[in-house]
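Asks: Submitted below is the structure of interest, expressed as structure tokens.
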Amino acid sequence: MVEAQQDFIQERETKIIKGNEAAAYAAKSARVQVISAYPITPQTTVVEKLSEFADNGEMPGTQYIKMESEHSVFAAVIGASKAGTRTFTATSGQGIFYAHEMIHWAAGARLPIVVAIASRGPAPPWNIWADFTDVLSQRDTGWMSSFCASHQEIYDEILMSYKVCEDHEILLPKFVAYGGFILSHTSKPVIIEDQDLVDKYLPSLPSEEGWPHIWMDPKRPMMFGNLIMPSGFYYEFRMKIHDAFIQAKEKIKNATKEFENIFGRHYGNGLIQEYRMDDAKVGVLIYGDLALQMEQAVDDVREEGYKVGMIKLRHFRPFPVEDIINSMKKVEIIGVIDRATAFGSQTGGPVSGEVKSALHEINGAPKVLSIINGLGGREVSLEQQKNQLKMLVKFKETGELPKDMIHGTLWDGLLEVE
Amino acid sequence: MVKLKEVLESCQEEYFLPGNSCCAGCGLEIALRWAMKALGHNTALVTPASCLNVVIGLWPKTAPNFPFTNMAFAAAAAAATGMEAAFKAKAHRFPNRGWDEITALVFAGDGGTADIGIQGLSGAAERNSNIIYVCYDNEAYMNTGIQRSSSTPHGAITTTTTKGKERYKKNLPGILAAHEIPYVATCSISEPLDLYDKFKKAKSIKGCKYIHILAPCPPGWGYQSEESIEVARLAVKTGTWILYEVENGIMTLSKKSKSLLDPSKRAPLIDYLSKQKRFSQISEKDLIELQEIIDHNWERINVELSCQEQYLK
């Protein structure tokens with residue numbers, strides 16, 4: 001153990017680091033006070049990097065608890081957050097599923113916990129590669145959730161998340177998800193911001209009193225979470241959670257704008273980010289790391305003379321209904337690309353189903369084509385994405401759809417099975 | 001041991017207030033009242049799903065007069081660990097304000113401890129989290145309607161062991177002692193001064209402390225509510241429930257159990273069993289078996305104490 005510094009020290013610096021390390025740096029930049037963690041592939045290097053920070057005395061005062069399971073990880077950050085501290089953890093796939101009970105608990109208690117998710121496919125069969133079913137399956141838990149398309153965005157999005165989550169009108173927990181291995185284990189240059197600037201951007205750490213609605217303080221003894229009868233306020237508390245989600249949309253937009261003003265990096269309006277949509281006739285809505293490659297696909301297909309565009313979905317919860325409607329009205333055909341499953345739903349993909357529901361009864365709404373690809377980390381090549389765009393163009397021009405659609409959804413990139 | 005007069009003088013204050021919805025004669029209520037008398041107001045409590053969840057009062061009423069949070073069934077030890085970490089973090093940010101002097105306390109039932117909560121508890125013990133974890137043991141899932149737990153004794157009837165439980169009571173204090181935490185103790189609600197002393201001691205020790213309290217349950221065990229203390233006392237007198245401490249690995253029998261190392265000093269087991277309906281169908285064979293378990297437990301303690309003596313020499 002090295003002697004601890006007096007304070008968090010960080011000058012603006014570009015580092016070539018893994019996506020997971022970007023998450024760890026973000027937690028450090030946010031001066032998180034309590035971290036609890038349990039290793040799971042492909043999240044492990046987040047907790048390793050944080051251990052390095054803690055052991056080197058680079059996070060003075062921060063408590064780092066190495067737990068024995070994800071259920072306990074979430075219980076620990078819940079306990080720590082209740083007592084009025086800024087908390088952080090990271091997990092993935094099975095870890096989320098194991099902690100599901102506590103994930104509900106954190107939202108019910110309105111705790112602004114931020115959790116990085118290196119997404120991976122659910123087992124069985126065992127899978128550790130990019131697939132957003134893990135975080136999307138937490139849809140109704142009361143957690144906000146967002147996706148990152150780049151290493152830099154992981155760092156930036158975690159900072160922006162604390163700003164929104166800790167807003168006293170919001171007070172909700174949030175997942176920040178990025179594709180396992182594709183972003184978690186590859187290295188890219190990431191700007192780590194100056195500590196003073198981050199301090200200026202983020203709300204100050206919770207006061208000695210803690211959060212306005214929950215605390216653990218012998219000077220102010222209070223009971224939290226006891227049984228409430230159906231005639232009590234349970235129902236109203238639940239309504240309030242939904243209300244906070246709707247309010248969060250504006251807060252996310254503001255936090256993104258302010259982030260851009262201070263740090264100079266642009267993420268659309270925070271909820272969605274358009275790419276060459278203004279004159280597009282055909283578009284796709286996509287999320288996570290595949291959105292980055294899709295920008296290239298859009299450029300390439302445009303070179304061939306087709307006016308295509310892309311909407312990057314940044315937030316899944318709150319779901320940006322209005323922004324999606326406004327953006328999609330620009331095109332006649334929209335492909336919604338899921339790297340996740342919602343078995344037995346209208347489309348089989350969690351986001352495409354949401355989009356269809358958002359566009360229902362909207363005049364001038366485009367036709368939606370549901371596409372699923374890349375499950376369990378299956379490679380999605382640039383060529384494949386270009387073909388997806390061209391398929392949509394063809395659909396617009398000729399009304400012709402691929403012959404191998406399955407129940408109305410294109411499961412793109414399936415292996416041939418005899 | 002502390003004198004009753006002393007306790008009554010210095011601990012007038014009640015922390016678990018009247019108006020709570022405990023059954024008459026509830027062992028848990030006595031356990032929590034006396035534990036809190038020893039720990040005082042500078043205590044923050046986490047309780048998982050258990051009777052305690054309910055008897056504290058329905059929202060917005062509340063009987064505990066100290067910080068209290070409800071927690072999911074398997075999550076109490078971990079949540080207390082996180083809470084204690086937050087107190088440390090706050091002590092760093094707001095020094096000399098007493099944040100690091102708060103006792104993080106868990107009060108869980110035997111199901112929440114021996115069954116669903118054992119992983120979290122084992123994790124906290126291995127990490128030596130600075131918490132006091134209390135299991136109030138009423139030997140079944142009483143809150144949900146008297147179903148068997150791994151802490152239910154052999155032969156006891158529950159709603160899920162209608163002919164009496166076949167398996168034996170899990171030795172939780174033994175499991176915790178095997179984690180080599182600084183302090184493990186067993187208590188009975190019939191010995192409040194012993195309990196008081198043990199909580200005082202636990203409060204003074206850094207690291208993970210585990211206290212297991214036998215807390216009889218009138219409806220669950222099937223006896224009249226005014227007999228709770230008597231039933232708990234018989235559990236001790238018959239040697240069924242052994243009072244001891246393990247401090248830094250060294251076991252000491254507590255006063256009421258010390259003399260019972262000599263089997264002839266133990267009250268007949270039937271005195272304890274015959275008070276309770278849950279043992280009403282017990283067979284001759286089971287009775288012998290239960291006696292053998294008790295004798296075996298004592299033999300093990302005897303061996304442990306002799307080994308200890310040798311070692312300490």
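A note on labels: chains of the structure tokens are A, B, ... as shown, every chain counts residues from 1, and ligands are counted from 1 in their shown order.
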So that I can see what lies close to Ala267 (chain B), please list as a PDB file with N, CA and C atoms, in the first residue's frame the residues with an atom at most 9 Å from it, counting only C-alpha atoms and leaving out residues fewer than 4 positions away in the same chain.
Replies:
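Result file out-v8.pdb:
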```pdb
ATOM      1  N   LEU B 234     -35.205 -23.210  29.958  1.00  0.00           N
ATOM      2  CA  LEU B 234     -35.094 -24.676  29.921  1.00  0.00           C
ATOM      3  C   LEU B 234     -34.181 -25.126  28.783  1.00  0.00           C
ATOM      4  N   LYS B 237     -30.904 -24.777  30.433  1.00  0.00           N
ATOM      5  CA  LYS B 237     -30.720 -25.704  31.565  1.00  0.00           C
ATOM      6  C   LYS B 237     -30.566 -27.152  31.130  1.00  0.00           C
ATOM      7  N   THR B 238     -31.286 -27.521  30.053  1.00  0.00           N
ATOM      8  CA  THR B 238     -31.189 -28.904  29.574  1.00  0.00           C
ATOM      9  C   THR B 238     -29.940 -29.107  28.715  1.00  0.00           C
ATOM     10  N   GLY B 239     -29.251 -28.017  28.445  1.00  0.00           N
ATOM     11  CA  GLY B 239     -28.042 -28.124  27.623  1.00  0.00           C
ATOM     12  C   GLY B 239     -28.356 -28.143  26.133  1.00  0.00           C
ATOM     13  N   PRO B 263     -22.631 -33.795  32.622  1.00  0.00           N
ATOM     14  CA  PRO B 263     -23.972 -34.179  32.137  1.00  0.00           C
ATOM     15  C   PRO B 263     -24.996 -34.306  33.270  1.00  0.00           C
ATOM     16  N   ASP B 271     -38.207 -32.053  30.014  1.00  0.00           N
ATOM     17  CA  ASP B 271     -38.756 -30.848  30.669  1.00  0.00           C
ATOM     18  C   ASP B 271     -38.916 -29.720  29.652  1.00  0.00           C
ATOM     19  N   TYR B 272     -37.929 -29.634  28.755  1.00  0.00           N
ATOM     20  CA  TYR B 272     -37.939 -28.595  27.710  1.00  0.00           C
ATOM     21  C   TYR B 272     -38.934 -28.949  26.608  1.00  0.00           C
TER      22      TYR B 272
END
```
Asks: For Gln291 (chain B), list every protein, DNA or RNA residue within 12 Å, evaluated using only C-alpha atoms, and leave out those in the same chain fewer than 2 positions away; present the list as a list in words.
Replies: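 Using only C-alpha atoms, the neighbours found are Pro153, His154, Gly155, Thr238, Gly239, Thr240, Pro263, Arg266, Ala267, Pro268, Leu269, Ile270, Tyr272, Leu273, Glu284, Lys285, Asp286, Leu287, Ile288, Glu289, Ile293, Ile294, Asp295, His296, Asn297 and Trp298 of chain B.
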Asks: Selected residues, N, CA and C atoms, written as an mmCIF file, in the first residue's frame, please.
Replies:
```
data_model
loop_
_atom_site.group_PDB
_atom_site.id
_atom_site.type_symbol
_atom_site.label_atom_id
_atom_site.label_comp_id
_atom_site.auth_asym_id
_atom_site.auth_seq_id
_atom_site.Cartn_x
_atom_site.Cartn_y
_atom_site.Cartn_z
ATOM 1 N N PRO B 153 -34.819 -27.636 14.843
ATOM 2 C CA PRO B 153 -34.200 -28.844 15.412
ATOM 3 C C PRO B 153 -34.877 -30.134 14.939
ATOM 4 N N HIS B 154 -34.155 -31.187 15.097
ATOM 5 C CA HIS B 154 -34.665 -32.523 14.765
ATOM 6 C C HIS B 154 -35.940 -32.800 15.572
ATOM 7 N N GLY B 155 -36.928 -33.342 14.881
ATOM 8 C CA GLY B 155 -38.145 -33.767 15.575
ATOM 9 C C GLY B 155 -39.226 -32.707 15.664
ATOM 10 N N THR B 238 -31.286 -27.521 30.053
ATOM 11 C CA THR B 238 -31.189 -28.904 29.574
ATOM 12 C C THR B 238 -29.940 -29.107 28.715
ATOM 13 N N GLY B 239 -29.251 -28.017 28.445
ATOM 14 C CA GLY B 239 -28.042 -28.124 27.623
ATOM 15 C C GLY B 239 -28.356 -28.143 26.133
ATOM 16 N N THR B 240 -29.619 -27.950 25.789
ATOM 17 C CA THR B 240 -30.006 -27.931 24.368
ATOM 18 C C THR B 240 -29.378 -26.719 23.683
ATOM 19 N N PRO B 263 -22.631 -33.795 32.622
ATOM 20 C CA PRO B 263 -23.972 -34.179 32.137
ATOM 21 C C PRO B 263 -24.996 -34.306 33.270
ATOM 22 N N ARG B 266 -27.290 -31.333 33.911
ATOM 23 C CA ARG B 266 -28.281 -30.884 32.928
ATOM 24 C C ARG B 266 -29.686 -31.357 33.307
ATOM 25 N N ALA B 267 -30.639 -30.471 33.168
ATOM 26 C CA ALA B 267 -32.036 -30.848 33.433
ATOM 27 C C ALA B 267 -32.484 -31.850 32.375
ATOM 28 N N PRO B 268 -33.444 -32.714 32.718
ATOM 29 C CA PRO B 268 -33.914 -33.702 31.728
ATOM 30 C C PRO B 268 -34.500 -33.011 30.492
ATOM 31 N N LEU B 269 -34.123 -33.512 29.345
ATOM 32 C CA LEU B 269 -34.529 -32.897 28.075
ATOM 33 C C LEU B 269 -36.053 -32.790 27.954
ATOM 34 N N ILE B 270 -36.727 -33.804 28.495
ATOM 35 C CA ILE B 270 -38.181 -33.853 28.354
ATOM 36 C C ILE B 270 -38.860 -32.630 28.996
ATOM 37 N N TYR B 272 -37.929 -29.634 28.755
ATOM 38 C CA TYR B 272 -37.939 -28.595 27.710
ATOM 39 C C TYR B 272 -38.934 -28.949 26.608
ATOM 40 N N LEU B 273 -38.871 -30.180 26.142
ATOM 41 C CA LEU B 273 -39.704 -30.590 25.000
ATOM 42 C C LEU B 273 -41.191 -30.611 25.347
ATOM 43 N N GLU B 284 -40.095 -42.048 20.935
ATOM 44 C CA GLU B 284 -39.057 -42.471 21.878
ATOM 45 C C GLU B 284 -37.687 -42.433 21.189
ATOM 46 N N LYS B 285 -37.693 -42.925 19.952
ATOM 47 C CA LYS B 285 -36.454 -42.998 19.170
ATOM 48 C C LYS B 285 -35.879 -41.595 18.933
ATOM 49 N N ASP B 286 -36.765 -40.687 18.541
ATOM 50 C CA ASP B 286 -36.320 -39.311 18.282
ATOM 51 C C ASP B 286 -35.827 -38.629 19.551
ATOM 52 N N LEU B 287 -36.487 -38.942 20.626
ATOM 53 C CA LEU B 287 -36.090 -38.355 21.906
ATOM 54 C C LEU B 287 -34.660 -38.774 22.244
ATOM 55 N N ILE B 288 -34.390 -40.049 22.022
ATOM 56 C CA ILE B 288 -33.034 -40.574 22.273
ATOM 57 C C ILE B 288 -32.041 -39.887 21.334
ATOM 58 N N GLU B 289 -32.483 -39.754 20.089
ATOM 59 C CA GLU B 289 -31.604 -39.136 19.095
ATOM 60 C C GLU B 289 -31.284 -37.686 19.469
ATOM 61 N N ILE B 293 -27.697 -35.947 20.244
ATOM 62 C CA ILE B 293 -27.159 -34.746 19.587
ATOM 63 C C ILE B 293 -26.631 -33.774 20.638
ATOM 64 N N ILE B 294 -27.430 -33.580 21.692
ATOM 65 C CA ILE B 294 -27.026 -32.665 22.768
ATOM 66 C C ILE B 294 -25.730 -33.150 23.410
ATOM 67 N N ASP B 295 -25.694 -34.422 23.725
ATOM 68 C CA ASP B 295 -24.492 -34.985 24.364
ATOM 69 C C ASP B 295 -23.284 -34.833 23.447
ATOM 70 N N HIS B 296 -23.526 -35.062 22.172
ATOM 71 C CA HIS B 296 -22.454 -34.958 21.186
ATOM 72 C C HIS B 296 -21.938 -33.511 21.108
ATOM 73 N N ASN B 297 -22.874 -32.543 21.088
ATOM 74 C CA ASN B 297 -22.473 -31.132 21.049
ATOM 75 C C ASN B 297 -21.600 -30.779 22.253
ATOM 76 N N TRP B 298 -22.006 -31.274 23.405
ATOM 77 C CA TRP B 298 -21.234 -30.994 24.628
ATOM 78 C C TRP B 298 -19.871 -31.675 24.573
#
```
Asks: Leaving out Gly222 (chain B) and any residue of its chain fewer than 4 positions from it, which residues lie within 7 Å of it when counting only C-alpha atoms, given as a short mmCIF file (atom, residue, chain, number, x, y, z; two decimals) with C-alpha atoms, in the first residue's frame?
Replies:
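Final file, out.cif:
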```
data_model
loop_
_atom_site.label_atom_id
_atom_site.label_comp_id
_atom_site.auth_asym_id
_atom_site.auth_seq_id
_atom_site.Cartn_x
_atom_site.Cartn_y
_atom_site.Cartn_z
CA PRO B 218 -45.08 -18.78 21.33
CA GLN B 276 -43.87 -27.20 23.39
CA LYS B 277 -46.52 -28.47 21.01
CA ARG B 278 -43.99 -28.71 18.16
#
```
Asks: Just list as a PyMOL selection string whatever in region 87-176 of chain A DSSP marks as alpha helix (DSSP H).
Replies: chain A and resi 93-98+100-108+133-136+151-165
Asks: How close does each residue of chain B get to chain A, giving the shortest atom pair and distance in Å to one decimal for every residue with an atom at most 6 Å away, counting only C-alpha atoms, sorted by chain and residue number, as a Markdown table?
Replies:
```
| residue | atom | partner | partner_atom | distance |
| --- | --- | --- | --- | --- |
| B:Asn42 | CA | A:Pro218 | CA | 5.4 |
| B:Leu58 | CA | A:Leu227 | CA | 5.3 |
| B:Trp59 | CA | A:Ile228 | CA | 4.9 |
| B:Phe66 | CA | A:Pro221 | CA | 4.5 |
| B:Pro67 | CA | A:Pro221 | CA | 4.3 |
| B:Phe68 | CA | A:Met223 | CA | 4.8 |
| B:Thr69 | CA | A:Phe224 | CA | 4.8 |
| B:Asn70 | CA | A:Gly225 | CA | 5.2 |
| B:Ala75 | CA | A:Ala75 | CA | 5.6 |
| B:Ala78 | CA | A:Ala76 | CA | 5.0 |
| B:Ala79 | CA | A:Ala76 | CA | 4.3 |
| B:Gly82 | CA | A:Ala76 | CA | 3.9 |
| B:Met83 | CA | A:Ala80 | CA | 4.3 |
| B:Ala85 | CA | A:Gln63 | CA | 5.9 |
| B:Ala86 | CA | A:Ala80 | CA | 4.8 |
| B:Ala89 | CA | A:Gly61 | CA | 5.5 |
| B:His92 | CA | A:Gly61 | CA | 5.5 |
| B:Gly123 | CA | A:Glu68 | CA | 5.5 |
```
